[in-house]
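Text of query.pdb, listed as PDB, C-alpha atoms:
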```pdb
ATOM      1  CA  MET A  12     106.731 -69.449 186.716
ATOM      2  CA  ARG A  13     107.355 -66.432 184.498
ATOM      3  CA  LEU A  14     105.435 -68.047 181.677
ATOM      4  CA  ARG A  15     102.442 -68.593 183.956
ATOM      5  CA  GLU A  16     102.569 -64.992 185.220
ATOM      6  CA  GLU A  17     102.857 -63.702 181.648
ATOM      7  CA  ARG A  18      99.846 -65.774 180.549
ATOM      8  CA  GLU A  19      97.833 -64.567 183.547
ATOM      9  CA  ARG A  20      98.764 -60.973 182.700
ATOM     10  CA  GLU A  21      97.769 -61.510 179.058
ATOM     11  CA  ALA A  22      94.507 -63.115 180.160
ATOM     12  CA  ALA A  23      93.807 -60.164 182.457
ATOM     13  CA  GLU A  24      94.529 -57.736 179.597
ATOM     14  CA  LEU A  25      92.201 -59.683 177.312
ATOM     15  CA  ARG A  26      89.453 -59.659 179.947
ATOM     16  CA  ALA A  27      89.922 -55.903 180.357
ATOM     17  CA  LYS A  28      89.726 -55.392 176.578
ATOM     18  CA  ALA A  29      86.642 -57.615 176.388
ATOM     19  CA  LEU A  30      84.980 -55.630 179.162
ATOM     20  CA  GLU A  31      85.872 -52.368 177.421
ATOM     21  CA  ALA A  32      84.485 -53.686 174.120
ATOM     22  CA  GLU A  33      81.275 -54.773 175.853
ATOM     23  CA  GLN A  34      80.861 -51.354 177.459
ATOM     24  CA  SER A  35      81.519 -49.681 174.126
ATOM     25  CA  ARG A  36      78.940 -51.943 172.458
ATOM     26  CA  ASP A  37      76.386 -51.113 175.156
ATOM     27  CA  GLU A  38      77.020 -47.379 174.713
ATOM     28  CA  MET A  39      76.633 -47.699 170.950
ATOM     29  CA  ARG A  40      73.365 -49.609 171.370
ATOM     30  CA  GLN A  41      72.100 -46.942 173.739
ATOM     31  CA  GLN A  42      73.037 -44.214 171.260
ATOM     32  CA  LEU A  43      71.386 -46.155 168.450
ATOM     33  CA  ARG A  44      68.175 -46.498 170.482
ATOM     34  CA  LYS A  45      68.264 -42.768 171.178
ATOM     35  CA  VAL A  46      68.765 -41.939 167.494
ATOM     36  CA  ALA A  47      65.972 -44.334 166.497
ATOM     37  CA  GLN A  48      63.644 -42.726 169.046
ATOM     38  CA  GLU A  49      64.508 -39.224 167.808
ATOM     39  CA  TYR A  50      63.977 -40.378 164.219
ATOM     40  CA  ASN A  51      60.543 -41.764 165.094
ATOM     41  CA  GLU A  52      59.635 -38.530 166.876
ATOM     42  CA  GLN A  53      60.721 -36.489 163.856
ATOM     43  CA  GLN A  54      58.745 -38.771 161.534
ATOM     44  CA  ALA A  55      55.666 -38.245 163.704
ATOM     45  CA  LYS A  56      56.169 -34.465 163.621
ATOM     46  CA  LEU A  57      56.609 -34.596 159.855
ATOM     47  CA  ALA A  58      53.410 -36.599 159.439
ATOM     48  CA  THR A  59      51.561 -34.056 161.590
ATOM     49  CA  LEU A  60      52.935 -31.161 159.549
ATOM     50  CA  LYS A  61      52.020 -32.870 156.272
ATOM     51  CA  ALA A  62      48.482 -33.481 157.517
ATOM     52  CA  ASP A  63      48.233 -29.845 158.628
ATOM     53  CA  LEU A  64      49.467 -28.682 155.230
ATOM     54  CA  GLU A  65      46.913 -30.834 153.418
ATOM     55  CA  ASN A  66      44.185 -29.523 155.714
ATOM     56  CA  ARG A  67      45.212 -25.939 154.991
ATOM     57  CA  LYS A  68      45.229 -26.654 151.249
ATOM     58  CA  ARG A  69      41.686 -28.041 151.469
ATOM     59  CA  LYS A  70      40.522 -25.032 153.473
ATOM     60  CA  ARG A  71      42.185 -22.671 150.995
ATOM     61  CA  SER A  72      40.483 -24.442 148.089
ATOM     62  CA  GLU A  73      37.140 -24.236 149.876
ATOM     63  CA  LEU A  74      37.662 -20.523 150.536
ATOM     64  CA  ARG A  75      38.501 -19.974 146.859
ATOM     65  CA  ARG A  76      35.285 -21.758 145.863
ATOM     66  CA  GLN A  77      33.295 -19.619 148.284
ATOM     67  CA  VAL A  78      34.906 -16.411 146.997
ATOM     68  CA  LYS A  79      34.253 -17.448 143.384
ATOM     69  CA  LYS A  80      30.624 -18.258 144.207
ATOM     70  CA  PHE A  81      30.237 -14.927 146.007
ATOM     71  CA  ASP A  82      31.812 -13.117 143.046
ATOM     72  CA  ASP A  83      29.547 -14.940 140.582
ATOM     73  CA  ASP A  84      26.497 -14.135 142.717
ATOM     74  CA  MET A  85      27.500 -10.463 142.863
ATOM     75  CA  ARG A  86      28.013 -10.350 139.084
ATOM     76  CA  ARG A  87      24.632 -11.987 138.569
ATOM     77  CA  LEU A  88      22.980  -9.428 140.850
ATOM     78  CA  VAL A  89      24.699  -6.547 139.073
ATOM     79  CA  TYR A  90      23.715  -7.982 135.686
ATOM     80  CA  GLN A  91      20.096  -8.434 136.819
ATOM     81  CA  HIS A  92      20.050  -4.915 138.218
ATOM     82  CA  ASP A  93      21.443  -3.468 134.989
ATOM     83  CA  SER A  94      18.922  -5.373 132.854
TER
END
```

Could you rewrite the structure in this file as structure tokens?
Amino acid sequence: MRLREEREREAAELRAKALEAEQSRDEMRQQLRKVAQEYNEQQAKLATLKADLENRKRKRSELRRQVKKFDDDMRRLVYQHDS
């Protein structure tokens, strides 16, 4: 009788540990999903920032070209006026 009660107690302890392990696994999976989602969101933000940076670089280059052209035009006008 004692042996049977001891085995039932051990089985109950094992079931409790298995349930605890399953809950822990589920929590870890949930945390992993959350981290993966946050990572994807950060990657999307990074891609947006990189695209914005490239766009600003292009605009800056275009502005430099316009300023250089304006400067060249002004020099040409001054040179023509002085001639």

Inset, instruction - Tell me, in Å to one decimal, how far CA of Leu60 in chain A is from CA of Arg76 in chain A. - result: 24.2 Å

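Separating CA of Lys28 in chain A from CA of Leu43 in chain A is a distance of 22.1 Å.
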
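The space between CA of Arg20 in chain A and CA of Ser35 in chain A spans 22.3 Å.
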